[in-house]
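The next block is upload-v9.cif, given as mmCIF, C-alpha atoms; chains and numbers go by the auth columns.
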```
data_upload
#
loop_
_atom_site.group_PDB
_atom_site.id
_atom_site.type_symbol
_atom_site.label_atom_id
_atom_site.label_comp_id
_atom_site.label_asym_id
_atom_site.label_seq_id
_atom_site.Cartn_x
_atom_site.Cartn_y
_atom_site.Cartn_z
_atom_site.B_iso_or_equiv
_atom_site.auth_seq_id
_atom_site.auth_asym_id
ATOM 1 C CA MET A 1 100.700 -14.419 79.143 0.00 1 A
ATOM 2 C CA THR A 2 101.138 -11.123 80.987 0.00 2 A
ATOM 3 C CA ASP A 3 98.385 -8.607 81.643 0.00 3 A
ATOM 4 C CA LEU A 4 99.923 -6.368 78.980 0.00 4 A
ATOM 5 C CA THR A 5 99.898 -8.971 76.209 0.00 5 A
ATOM 6 C CA LEU A 6 96.420 -10.124 77.262 0.00 6 A
ATOM 7 C CA LYS A 7 95.195 -6.564 76.829 0.00 7 A
ATOM 8 C CA TRP A 8 96.706 -6.380 73.343 0.00 8 A
ATOM 9 C CA TRP A 9 95.101 -9.615 72.171 0.00 9 A
ATOM 10 C CA LEU A 10 91.730 -8.748 73.691 0.00 10 A
ATOM 11 C CA ALA A 11 91.859 -5.375 71.937 0.00 11 A
ATOM 12 C CA ALA A 12 92.649 -7.081 68.634 0.00 12 A
ATOM 13 C CA VAL A 13 89.842 -9.634 68.933 0.00 13 A
ATOM 14 C CA LEU A 14 87.159 -7.278 70.247 0.00 14 A
ATOM 15 C CA GLY A 15 88.118 -4.296 68.106 0.00 15 A
ATOM 16 C CA GLY A 16 88.430 -6.415 64.997 0.00 16 A
ATOM 17 C CA ALA A 17 85.068 -8.080 65.587 0.00 17 A
ATOM 18 C CA GLY A 18 83.370 -4.712 66.066 0.00 18 A
ATOM 19 C CA CYS A 19 84.920 -3.300 62.885 0.00 19 A
ATOM 20 C CA GLY A 20 83.951 -6.428 60.971 0.00 20 A
ATOM 21 C CA LEU A 21 80.328 -6.095 62.071 0.00 21 A
ATOM 22 C CA ALA A 22 80.274 -2.402 61.179 0.00 22 A
ATOM 23 C CA GLY A 23 81.816 -3.172 57.797 0.00 23 A
ATOM 24 C CA PHE A 24 79.178 -5.814 57.150 0.00 24 A
ATOM 25 C CA PHE A 25 76.405 -3.302 57.846 0.00 25 A
ATOM 26 C CA LEU A 26 77.969 -0.593 55.672 0.00 26 A
ATOM 27 C CA LEU A 27 78.490 -2.915 52.709 0.00 27 A
ATOM 28 C CA ALA A 28 74.997 -4.350 53.120 0.00 28 A
ATOM 29 C CA LEU A 29 73.611 -0.806 53.034 0.00 29 A
ATOM 30 C CA ASN A 30 75.616 -0.338 49.814 0.00 30 A
ATOM 31 C CA VAL A 31 77.543 2.629 51.202 0.00 31 A
ATOM 32 C CA PRO A 32 81.139 1.337 51.509 0.00 32 A
ATOM 33 C CA PHE A 33 82.596 4.821 51.185 0.00 33 A
ATOM 34 C CA LEU A 34 80.648 5.768 54.289 0.00 34 A
ATOM 35 C CA ALA A 35 83.223 3.773 56.281 0.00 35 A
ATOM 36 C CA VAL A 36 86.062 6.128 55.400 0.00 36 A
ATOM 37 C CA CYS A 37 83.773 9.119 55.905 0.00 37 A
ATOM 38 C CA LEU A 38 82.863 8.021 59.445 0.00 38 A
ATOM 39 C CA ALA A 39 86.512 7.360 60.251 0.00 39 A
ATOM 40 C CA HIS A 40 87.584 10.823 59.161 0.00 40 A
ATOM 41 C CA ALA A 41 84.615 12.509 60.817 0.00 41 A
ATOM 42 C CA ALA A 42 85.576 10.804 64.083 0.00 42 A
ATOM 43 C CA LEU A 43 89.162 11.927 63.541 0.00 43 A
ATOM 44 C CA ALA A 44 88.067 15.526 62.981 0.00 44 A
ATOM 45 C CA GLY A 45 85.916 15.432 66.130 0.00 45 A
ATOM 46 C CA ALA A 46 88.788 13.984 68.162 0.00 46 A
ATOM 47 C CA VAL A 47 91.193 16.657 66.910 0.00 47 A
ATOM 48 C CA LEU A 48 88.692 19.371 67.831 0.00 48 A
ATOM 49 C CA ALA A 49 88.330 17.850 71.307 0.00 49 A
ATOM 50 C CA LEU A 50 92.111 17.823 71.774 0.00 50 A
ATOM 51 C CA ALA A 51 92.360 21.436 70.641 0.00 51 A
ATOM 52 C CA LEU A 52 89.719 22.468 73.181 0.00 52 A
ATOM 53 C CA GLY A 53 91.115 20.303 75.973 0.00 53 A
ATOM 54 C CA TRP A 54 88.088 18.009 76.016 0.00 54 A
ATOM 55 C CA PRO A 55 88.037 14.191 76.289 0.00 55 A
ATOM 56 C CA VAL A 56 88.830 12.543 72.974 0.00 56 A
ATOM 57 C CA LEU A 57 86.115 9.852 72.824 0.00 57 A
ATOM 58 C CA PRO A 58 83.074 12.163 73.147 0.00 58 A
ATOM 59 C CA GLY A 59 84.553 14.481 70.530 0.00 59 A
ATOM 60 C CA ALA A 60 85.241 11.612 68.138 0.00 60 A
ATOM 61 C CA PHE A 61 81.764 10.160 68.605 0.00 61 A
ATOM 62 C CA GLY A 62 80.226 13.575 68.112 0.00 62 A
ATOM 63 C CA GLY A 63 81.995 13.881 64.757 0.00 63 A
ATOM 64 C CA ALA A 64 80.986 10.391 63.665 0.00 64 A
ATOM 65 C CA LEU A 65 77.388 10.877 64.864 0.00 65 A
ATOM 66 C CA LEU A 66 77.125 14.171 63.003 0.00 66 A
ATOM 67 C CA ALA A 67 78.375 12.487 59.833 0.00 67 A
ATOM 68 C CA ALA A 68 75.888 9.635 60.320 0.00 68 A
ATOM 69 C CA ALA A 69 73.076 12.155 60.772 0.00 69 A
ATOM 70 C CA VAL A 70 74.032 13.993 57.592 0.00 70 A
ATOM 71 C CA LEU A 71 74.352 10.736 55.681 0.00 71 A
ATOM 72 C CA GLY A 72 71.070 9.391 57.017 0.00 72 A
ATOM 73 C CA PRO A 73 68.027 11.635 57.499 0.00 73 A
ATOM 74 C CA LEU A 74 69.457 14.744 55.832 0.00 74 A
ATOM 75 C CA ALA A 75 70.709 12.861 52.776 0.00 75 A
ATOM 76 C CA ASP A 76 67.234 11.365 52.375 0.00 76 A
ATOM 77 C CA ARG A 77 65.551 14.749 52.614 0.00 77 A
ATOM 78 C CA VAL A 78 67.742 16.536 50.074 0.00 78 A
ATOM 79 C CA ARG A 79 67.643 13.488 47.779 0.00 79 A
ATOM 80 C CA VAL A 80 71.393 13.219 47.455 0.00 80 A
ATOM 81 C CA GLY A 81 72.852 9.726 47.216 0.00 81 A
ATOM 82 C CA ALA A 82 74.656 8.484 50.311 0.00 82 A
ATOM 83 C CA ASN A 83 77.856 7.825 48.378 0.00 83 A
ATOM 84 C CA VAL A 84 77.828 11.342 46.920 0.00 84 A
ATOM 85 C CA MET A 85 77.243 12.840 50.356 0.00 85 A
ATOM 86 C CA SER A 86 79.982 10.584 51.771 0.00 86 A
ATOM 87 C CA GLY A 87 82.458 11.980 49.252 0.00 87 A
ATOM 88 C CA LEU A 88 81.548 15.555 50.152 0.00 88 A
ATOM 89 C CA LEU A 89 81.841 14.901 53.882 0.00 89 A
ATOM 90 C CA PHE A 90 85.059 12.920 53.462 0.00 90 A
ATOM 91 C CA SER A 91 86.884 15.853 51.885 0.00 91 A
ATOM 92 C CA LEU A 92 85.445 18.298 54.433 0.00 92 A
ATOM 93 C CA THR A 93 86.267 16.243 57.534 0.00 93 A
ATOM 94 C CA LEU A 94 89.759 15.337 56.311 0.00 94 A
ATOM 95 C CA GLY A 95 90.463 19.008 55.637 0.00 95 A
ATOM 96 C CA LEU A 96 89.159 20.000 59.081 0.00 96 A
ATOM 97 C CA ALA A 97 91.255 17.312 60.791 0.00 97 A
ATOM 98 C CA PHE A 98 94.504 18.392 59.142 0.00 98 A
ATOM 99 C CA LEU A 99 93.696 22.069 59.621 0.00 99 A
ATOM 100 C CA GLY A 100 93.161 21.457 63.327 0.00 100 A
ATOM 101 C CA ILE A 101 96.438 19.554 63.628 0.00 101 A
ATOM 102 C CA GLY A 102 98.298 22.258 61.740 0.00 102 A
ATOM 103 C CA LEU A 103 96.970 24.994 64.042 0.00 103 A
ATOM 104 C CA MET A 104 97.788 23.136 67.262 0.00 104 A
ATOM 105 C CA ASP A 105 100.667 24.192 69.473 0.00 105 A
ATOM 106 C CA THR A 106 100.708 21.694 72.331 0.00 106 A
ATOM 107 C CA ALA A 107 98.505 18.697 71.445 0.00 107 A
ATOM 108 C CA ARG A 108 99.951 17.939 68.016 0.00 108 A
ATOM 109 C CA ALA A 109 101.655 14.680 69.030 0.00 109 A
ATOM 110 C CA PRO A 110 98.467 13.068 70.441 0.00 110 A
ATOM 111 C CA ALA A 111 96.566 14.257 67.363 0.00 111 A
ATOM 112 C CA MET A 112 99.111 12.652 65.046 0.00 112 A
ATOM 113 C CA GLY A 113 98.746 9.466 67.085 0.00 113 A
ATOM 114 C CA LEU A 114 95.044 9.445 66.222 0.00 114 A
ATOM 115 C CA ILE A 115 95.920 9.461 62.530 0.00 115 A
ATOM 116 C CA TRP A 116 98.128 6.360 62.660 0.00 116 A
ATOM 117 C CA GLY A 117 96.797 4.646 65.791 0.00 117 A
ATOM 118 C CA ASN A 118 98.619 2.275 68.115 0.00 118 A
ATOM 119 C CA LEU A 119 96.845 -0.772 69.471 0.00 119 A
ATOM 120 C CA LEU A 120 99.763 -1.412 71.852 0.00 120 A
ATOM 121 C CA LEU A 121 99.073 1.829 73.736 0.00 121 A
ATOM 122 C CA LEU A 122 95.396 1.130 74.371 0.00 122 A
ATOM 123 C CA ASP A 123 94.653 1.197 78.111 0.00 123 A
ATOM 124 C CA TRP A 124 92.128 -0.945 80.008 0.00 124 A
ATOM 125 C CA ARG A 125 89.550 1.841 80.128 0.00 125 A
ATOM 126 C CA ARG A 126 89.569 2.221 76.348 0.00 126 A
ATOM 127 C CA LEU A 127 89.521 -1.556 75.955 0.00 127 A
ATOM 128 C CA ALA A 128 86.390 -1.672 78.124 0.00 128 A
ATOM 129 C CA ALA A 129 84.748 0.827 75.758 0.00 129 A
ATOM 130 C CA VAL A 130 85.721 -1.288 72.740 0.00 130 A
ATOM 131 C CA ALA A 131 84.318 -4.397 74.438 0.00 131 A
ATOM 132 C CA ALA A 132 81.059 -2.676 75.378 0.00 132 A
ATOM 133 C CA VAL A 133 80.432 -1.412 71.846 0.00 133 A
ATOM 134 C CA THR A 134 81.308 -4.728 70.192 0.00 134 A
ATOM 135 C CA VAL A 135 79.235 -6.852 72.576 0.00 135 A
ATOM 136 C CA THR A 136 76.289 -4.456 72.233 0.00 136 A
ATOM 137 C CA GLY A 137 76.477 -4.643 68.446 0.00 137 A
ATOM 138 C CA LEU A 138 76.680 -8.436 68.402 0.00 138 A
ATOM 139 C CA ALA A 139 73.810 -8.735 70.873 0.00 139 A
ATOM 140 C CA MET A 140 71.692 -6.278 68.880 0.00 140 A
ATOM 141 C CA THR A 141 72.348 -8.274 65.717 0.00 141 A
ATOM 142 C CA ALA A 142 71.447 -11.591 67.359 0.00 142 A
ATOM 143 C CA VAL A 143 68.202 -10.275 68.855 0.00 143 A
ATOM 144 C CA TYR A 144 67.006 -8.315 65.823 0.00 144 A
ATOM 145 C CA LEU A 145 68.438 -10.484 63.055 0.00 145 A
ATOM 146 C CA ARG A 146 65.164 -10.850 61.114 0.00 146 A
ATOM 147 C CA PRO A 147 64.245 -7.144 60.889 0.00 147 A
ATOM 148 C CA LEU A 148 67.866 -6.267 60.205 0.00 148 A
ATOM 149 C CA ARG A 149 67.986 -8.760 57.352 0.00 149 A
ATOM 150 C CA ALA A 150 64.783 -7.307 55.898 0.00 150 A
ATOM 151 C CA VAL A 151 66.018 -3.713 56.075 0.00 151 A
ATOM 152 C CA LEU A 152 69.459 -4.552 54.687 0.00 152 A
ATOM 153 C CA PHE A 153 67.883 -6.505 51.830 0.00 153 A
ATOM 154 C CA ASP A 154 65.569 -3.677 50.722 0.00 154 A
ATOM 155 C CA ARG A 155 64.497 -0.671 52.794 0.00 155 A
ATOM 156 C CA ARG A 156 61.366 -0.028 50.721 0.00 156 A
ATOM 157 C CA ILE A 157 60.077 -3.583 51.015 0.00 157 A
ATOM 158 C CA ALA A 158 60.824 -3.574 54.751 0.00 158 A
ATOM 159 C CA TRP A 159 58.924 -0.295 55.149 0.00 159 A
ATOM 160 C CA THR A 160 55.884 -1.580 53.271 0.00 160 A
ATOM 161 C CA SER A 161 55.963 -4.646 55.545 0.00 161 A
ATOM 162 C CA GLY A 162 55.481 -2.387 58.562 0.00 162 A
ATOM 163 C CA LEU A 163 59.078 -2.216 59.772 0.00 163 A
ATOM 164 C CA PRO A 164 60.555 1.174 60.805 0.00 164 A
ATOM 165 C CA ALA A 165 63.177 0.875 58.072 0.00 165 A
ATOM 166 C CA GLY A 166 64.411 4.457 58.380 0.00 166 A
ATOM 167 C CA ALA A 167 64.868 4.300 62.143 0.00 167 A
ATOM 168 C CA ILE A 168 66.679 0.957 61.914 0.00 168 A
ATOM 169 C CA THR A 169 69.004 2.287 59.220 0.00 169 A
ATOM 170 C CA TYR A 170 69.850 5.408 61.217 0.00 170 A
ATOM 171 C CA ALA A 171 70.422 3.320 64.347 0.00 171 A
ATOM 172 C CA LEU A 172 72.839 1.121 62.394 0.00 172 A
ATOM 173 C CA LEU A 173 74.714 4.174 61.136 0.00 173 A
ATOM 174 C CA ALA A 174 74.932 5.574 64.669 0.00 174 A
ATOM 175 C CA TRP A 175 76.281 2.266 66.000 0.00 175 A
ATOM 176 C CA CYS A 176 78.811 2.094 63.162 0.00 176 A
ATOM 177 C CA GLY A 177 79.955 5.584 64.130 0.00 177 A
ATOM 178 C CA LEU A 178 80.378 4.397 67.716 0.00 178 A
ATOM 179 C CA ALA A 179 82.371 1.350 66.574 0.00 179 A
ATOM 180 C CA VAL A 180 84.647 3.604 64.531 0.00 180 A
ATOM 181 C CA THR A 181 85.083 5.953 67.482 0.00 181 A
ATOM 182 C CA VAL A 182 86.237 3.377 70.032 0.00 182 A
ATOM 183 C CA ASN A 183 88.712 1.854 67.540 0.00 183 A
ATOM 184 C CA LEU A 184 90.134 5.173 66.381 0.00 184 A
ATOM 185 C CA GLU A 185 93.096 5.190 68.753 0.00 185 A
ATOM 186 C CA ALA A 186 93.908 1.513 68.161 0.00 186 A
ATOM 187 C CA VAL A 187 93.963 1.464 64.355 0.00 187 A
ATOM 188 C CA GLY A 188 94.131 5.141 63.348 0.00 188 A
ATOM 189 C CA GLY A 189 91.785 7.416 61.444 0.00 189 A
ATOM 190 C CA LEU A 190 93.564 6.957 58.118 0.00 190 A
ATOM 191 C CA MET A 191 93.614 3.157 58.282 0.00 191 A
ATOM 192 C CA LEU A 192 90.305 2.174 59.886 0.00 192 A
ATOM 193 C CA TYR A 193 88.669 2.019 56.459 0.00 193 A
ATOM 194 C CA SER A 194 90.686 -1.072 55.554 0.00 194 A
ATOM 195 C CA LEU A 195 89.659 -3.023 58.652 0.00 195 A
ATOM 196 C CA LEU A 196 86.033 -2.015 58.135 0.00 196 A
ATOM 197 C CA VAL A 197 85.764 -2.898 54.456 0.00 197 A
ATOM 198 C CA ASN A 198 88.386 -5.532 53.548 0.00 198 A
ATOM 199 C CA PRO A 199 87.131 -8.395 55.768 0.00 199 A
ATOM 200 C CA ALA A 200 83.488 -7.793 54.845 0.00 200 A
ATOM 201 C CA ALA A 201 84.397 -7.621 51.158 0.00 201 A
ATOM 202 C CA ALA A 202 86.436 -10.813 51.527 0.00 202 A
ATOM 203 C CA ALA A 203 83.467 -12.561 53.139 0.00 203 A
ATOM 204 C CA ARG A 204 81.341 -11.668 50.120 0.00 204 A
ATOM 205 C CA GLN A 205 83.901 -13.324 47.861 0.00 205 A
ATOM 206 C CA ILE A 206 83.560 -16.580 49.778 0.00 206 A
ATOM 207 C CA THR A 207 79.761 -16.850 50.147 0.00 207 A
ATOM 208 C CA THR A 208 76.546 -14.973 49.441 0.00 208 A
ATOM 209 C CA LYS A 209 74.476 -16.332 52.333 0.00 209 A
ATOM 210 C CA PHE A 210 73.465 -13.564 54.732 0.00 210 A
ATOM 211 C CA SER A 211 74.319 -15.293 58.006 0.00 211 A
ATOM 212 C CA ALA A 212 77.563 -16.728 56.614 0.00 212 A
ATOM 213 C CA VAL A 213 78.721 -13.349 55.307 0.00 213 A
ATOM 214 C CA LEU A 214 77.886 -11.798 58.677 0.00 214 A
ATOM 215 C CA ALA A 215 79.837 -14.407 60.636 0.00 215 A
ATOM 216 C CA LEU A 216 82.780 -14.348 58.227 0.00 216 A
ATOM 217 C CA SER A 217 82.959 -10.540 58.274 0.00 217 A
ATOM 218 C CA VAL A 218 83.288 -10.567 62.058 0.00 218 A
ATOM 219 C CA GLY A 219 85.691 -13.517 62.119 0.00 219 A
ATOM 220 C CA LEU A 220 87.947 -12.312 59.308 0.00 220 A
ATOM 221 C CA ALA A 221 88.173 -8.833 60.826 0.00 221 A
ATOM 222 C CA ALA A 222 89.101 -10.228 64.238 0.00 222 A
ATOM 223 C CA GLY A 223 91.613 -12.535 62.545 0.00 223 A
ATOM 224 C CA SER A 224 93.064 -9.630 60.559 0.00 224 A
ATOM 225 C CA ALA A 225 93.535 -7.587 63.736 0.00 225 A
ATOM 226 C CA CYS A 226 95.194 -10.536 65.503 0.00 226 A
ATOM 227 C CA GLY A 227 97.380 -11.243 62.471 0.00 227 A
ATOM 228 C CA GLY A 228 98.407 -7.603 62.314 0.00 228 A
ATOM 229 C CA LEU A 229 99.234 -7.627 66.004 0.00 229 A
ATOM 230 C CA ALA A 230 101.367 -10.768 65.572 0.00 230 A
ATOM 231 C CA LEU A 231 103.148 -9.152 62.622 0.00 231 A
ATOM 232 C CA SER A 232 103.733 -6.005 64.652 0.00 232 A
ATOM 233 C CA LEU A 233 105.141 -7.889 67.633 0.00 233 A
ATOM 234 C CA GLY A 234 107.277 -10.155 65.475 0.00 234 A
ATOM 235 C CA LEU A 235 108.778 -7.568 63.138 0.00 235 A
ATOM 236 C CA GLY A 236 108.476 -4.383 65.178 0.00 236 A
ATOM 237 C CA TRP A 237 106.168 -2.767 62.624 0.00 237 A
ATOM 238 C CA PRO A 238 103.438 -0.246 63.534 0.00 238 A
ATOM 239 C CA ALA A 239 100.347 -2.139 64.654 0.00 239 A
ATOM 240 C CA GLY A 240 97.819 -0.122 62.631 0.00 240 A
ATOM 241 C CA ALA A 241 99.721 -0.477 59.369 0.00 241 A
ATOM 242 C CA SER A 242 100.287 -4.196 60.028 0.00 242 A
ATOM 243 C CA ILE A 243 96.549 -4.731 60.520 0.00 243 A
ATOM 244 C CA VAL A 244 95.852 -2.974 57.218 0.00 244 A
ATOM 245 C CA LEU A 245 98.359 -5.183 55.393 0.00 245 A
ATOM 246 C CA VAL A 246 96.897 -8.382 56.836 0.00 246 A
ATOM 247 C CA SER A 247 93.293 -7.358 56.088 0.00 247 A
ATOM 248 C CA SER A 248 94.305 -6.517 52.515 0.00 248 A
ATOM 249 C CA GLY A 249 95.987 -9.911 52.235 0.00 249 A
ATOM 250 C CA VAL A 250 92.832 -11.596 53.514 0.00 250 A
ATOM 251 C CA PHE A 251 90.807 -9.972 50.751 0.00 251 A
ATOM 252 C CA ALA A 252 93.402 -10.914 48.122 0.00 252 A
ATOM 253 C CA VAL A 253 93.315 -14.564 49.215 0.00 253 A
ATOM 254 C CA ALA A 254 89.508 -14.618 49.246 0.00 254 A
ATOM 255 C CA ALA A 255 89.193 -12.963 45.837 0.00 255 A
ATOM 256 C CA GLY A 256 91.995 -14.981 44.216 0.00 256 A
ATOM 257 C CA PRO A 257 89.977 -18.118 43.292 0.00 257 A
ATOM 258 C CA ARG A 258 87.187 -16.059 41.735 0.00 258 A
ATOM 259 C CA LEU A 259 89.660 -14.001 39.716 0.00 259 A
ATOM 260 C CA TRP A 260 91.379 -17.183 38.593 0.00 260 A
ATOM 261 C CA ARG A 261 88.114 -18.774 37.481 0.00 261 A
ATOM 262 C CA SER A 262 86.975 -15.649 35.633 0.00 262 A
ATOM 263 C CA GLY A 263 90.293 -15.464 33.768 0.00 263 A
ATOM 264 C CA ALA A 264 90.403 -19.141 32.904 0.00 264 A
#
```

Kindly transcribe the structure held in the file into structure tokens.
Amino acid sequence: MTDLTLKWWLAAVLGGAGCGLAGFFLLALNVPFLAVCLAHAALAGAVLALALGWPVLPGAFGGALLAAAVLGPLADRVRVGANVMSGLLFSLTLGLAFLGIGLMDTARAPAMGLIWGNLLLLDWRRLAAVAAVTVTGLAMTAVYLRPLRAVLFDRRIAWTSGLPAGAITYALLAWCGLAVTVNLEAVGGLMLYSLLVNPAAAARQITTKFSAVLALSVGLAAGSACGGLALSLGLGWPAGASIVLVSSGVFAVAAGPRLWRSGA
């Protein structure tokens, strides 16, 4: 295995695992649409950074962090449901991203690349960022599994038990925004939603146990990314789109037995 192919497979495993963990958190918080909102907010921030000649990653994280802040503390204060606020922000950030691309003169090609993504073009520096975010998220989950489980089960009960439920929730949203940011260039802003949600949703079809769903979400997402990479290398298809197809197939396979039983 060459250094180039090693980099691709490491990116698939680490990026997929990070997206699977983020997807697990977002579904457990009952805000699945937040995944697509964070992806498009990161895309809008990255486009703005390109237009201004700034580094892409800080701009993308700034967009995702701003969306997480709006969907966390501000949504709580104005008493608007997170899914409603996600829908409002989704349309705004998508419009801003495409407006920025349309107004660009010189950086349009890199901006379009952020929309579709290309795991095969990820360099070692970006891979290091993906690895750092994923390992941090997994370590955080392992160390704080009990309080995380309590908050994800019911924020109000966790708060009455003395846990800082709000702070933990906002920290999770911020980390999810970071996970989206570092995977933006590999999978693409328009397709990250599938890798975030499909594996976690598939895990819920297989089991309802907290730890099992968590482990399956991470494993199925990493497997989906690797399967998409293999499909891309074998057939010459775009890597981001291939990952989406495989993750969708994973959900279909996981949901199939339940659909069959319910129809029987």

Quick one: everything within 12 Å of Leu66 in chain A, counting only C-alpha atoms, minus sequence neighbours fewer than 3 positions away in the same chain. Send it as a list in words.
Cys37, Leu38, Ala39, His40, Ala41, Ala42, Ala44, Gly45, Pro58, Gly59, Ala60, Phe61, Gly62, Gly63, Ala69, Val70, Leu71, Gly72, Pro73, Leu74, Leu89, Thr93, Tyr170, Leu173, Ala174, Gly177 and Leu178 of chain A

Within 10 Å of Leu103 in chain A, counting only C-alpha atoms, which residues qualify if same-chain residues fewer than 5 places away don't, as a PDB file with C-alpha atoms, in the coordinates of the input?
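The new file result.pdb reads:
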```pdb
ATOM      1  CA  ALA A  51      92.360  21.436  70.641  1.00  0.00           C
ATOM      2  CA  PHE A  98      94.504  18.392  59.142  1.00  0.00           C
ATOM      3  CA  ARG A 108      99.951  17.939  68.016  1.00  0.00           C
TER       4      ARG A 108
END
```

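In this model, the gap between CA of Leu229 in chain A and CA of Phe25 in chain A comes to 24.6 Å.
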
Resolved residues for the PyMOL selection byres ((chain A and resi 19) around 10) as an mmCIF file with C-alpha atoms, keeping the file's coordinate frame:
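Everything below was put into out-v4.cif:
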```
data_model
loop_
_atom_site.group_PDB
_atom_site.id
_atom_site.type_symbol
_atom_site.label_atom_id
_atom_site.label_comp_id
_atom_site.auth_asym_id
_atom_site.auth_seq_id
_atom_site.Cartn_x
_atom_site.Cartn_y
_atom_site.Cartn_z
ATOM 1 C CA LEU A 14 87.159 -7.278 70.247
ATOM 2 C CA GLY A 15 88.118 -4.296 68.106
ATOM 3 C CA GLY A 16 88.430 -6.415 64.997
ATOM 4 C CA ALA A 17 85.068 -8.080 65.587
ATOM 5 C CA GLY A 18 83.370 -4.712 66.066
ATOM 6 C CA GLY A 20 83.951 -6.428 60.971
ATOM 7 C CA LEU A 21 80.328 -6.095 62.071
ATOM 8 C CA ALA A 22 80.274 -2.402 61.179
ATOM 9 C CA GLY A 23 81.816 -3.172 57.797
ATOM 10 C CA PHE A 24 79.178 -5.814 57.150
ATOM 11 C CA PHE A 25 76.405 -3.302 57.846
ATOM 12 C CA ALA A 35 83.223 3.773 56.281
ATOM 13 C CA THR A 134 81.308 -4.728 70.192
ATOM 14 C CA CYS A 176 78.811 2.094 63.162
ATOM 15 C CA ALA A 179 82.371 1.350 66.574
ATOM 16 C CA VAL A 180 84.647 3.604 64.531
ATOM 17 C CA VAL A 182 86.237 3.377 70.032
ATOM 18 C CA ASN A 183 88.712 1.854 67.540
ATOM 19 C CA LEU A 192 90.305 2.174 59.886
ATOM 20 C CA TYR A 193 88.669 2.019 56.459
ATOM 21 C CA SER A 194 90.686 -1.072 55.554
ATOM 22 C CA LEU A 195 89.659 -3.023 58.652
ATOM 23 C CA LEU A 196 86.033 -2.015 58.135
ATOM 24 C CA VAL A 197 85.764 -2.898 54.456
ATOM 25 C CA PRO A 199 87.131 -8.395 55.768
ATOM 26 C CA ALA A 200 83.488 -7.793 54.845
ATOM 27 C CA SER A 217 82.959 -10.540 58.274
ATOM 28 C CA VAL A 218 83.288 -10.567 62.058
ATOM 29 C CA ALA A 221 88.173 -8.833 60.826
ATOM 30 C CA ALA A 222 89.101 -10.228 64.238
ATOM 31 C CA ALA A 225 93.535 -7.587 63.736
#
```

Residues returned when the PyMOL selection byres ((chain A and resi 113) around 10) runs on this file, as number ranges by chain:
A: 108-112, 114-118, 184-189

Pull C-alpha atoms from the residues just selected and write them as a PDB file, in the frame of the given file.
```pdb
ATOM      1  CA  ARG A 108      99.951  17.939  68.016  1.00  0.00           C
ATOM      2  CA  ALA A 109     101.655  14.680  69.030  1.00  0.00           C
ATOM      3  CA  PRO A 110      98.467  13.068  70.441  1.00  0.00           C
ATOM      4  CA  ALA A 111      96.566  14.257  67.363  1.00  0.00           C
ATOM      5  CA  MET A 112      99.111  12.652  65.046  1.00  0.00           C
ATOM      6  CA  LEU A 114      95.044   9.445  66.222  1.00  0.00           C
ATOM      7  CA  ILE A 115      95.920   9.461  62.530  1.00  0.00           C
ATOM      8  CA  TRP A 116      98.128   6.360  62.660  1.00  0.00           C
ATOM      9  CA  GLY A 117      96.797   4.646  65.791  1.00  0.00           C
ATOM     10  CA  ASN A 118      98.619   2.275  68.115  1.00  0.00           C
ATOM     11  CA  LEU A 184      90.134   5.173  66.381  1.00  0.00           C
ATOM     12  CA  GLU A 185      93.096   5.190  68.753  1.00  0.00           C
ATOM     13  CA  ALA A 186      93.908   1.513  68.161  1.00  0.00           C
ATOM     14  CA  VAL A 187      93.963   1.464  64.355  1.00  0.00           C
ATOM     15  CA  GLY A 188      94.131   5.141  63.348  1.00  0.00           C
ATOM     16  CA  GLY A 189      91.785   7.416  61.444  1.00  0.00           C
TER      17      GLY A 189
END
```

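Take CA of Gly219 in chain A and CA of Ala132 in chain A: the distance between them is 17.7 Å.
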
Ala252 in chain A surroundings by all atoms listed in the file, 12 Å radius, close-in-sequence under 3 positions cut, as a ChimeraX atom specification:
/A:198-199,201-203,205-206,245-249,255-260

Contacts of range 152-168 of chain A within 8 Å, all atoms listed in the file, excl. fewer than 5 positions in-chain, as number ranges by chain:
A: 25, 28-29, 147

Same residues, C-alpha atoms, saved as a PDB file, in the coordinates of the input:
```pdb
ATOM      1  CA  PHE A  25      76.405  -3.302  57.846  1.00  0.00           C
ATOM      2  CA  ALA A  28      74.997  -4.350  53.120  1.00  0.00           C
ATOM      3  CA  LEU A  29      73.611  -0.806  53.034  1.00  0.00           C
ATOM      4  CA  PRO A 147      64.245  -7.144  60.889  1.00  0.00           C
TER       5      PRO A 147
END
```

In the coordinates of the file, take the point (86.9, -4.0, 76.8) and a cut-off of 12 Å; then, counting all atoms listed in the file, name each qualifying protein, DNA or RNA residue as a PyMOL selection string.
chain A and resi 6-15+18+122-136+182-183

Atom-to-atom span, CA of Leu43 in chain A and CA of Ala97 in chain A, Å
6.4 Å

Minimum-distance residue to Val36 in chain A, chosen among A:Leu88, A:Ile101, A:Leu145, A:Leu119 (using all atoms listed in the file):
A:Leu88
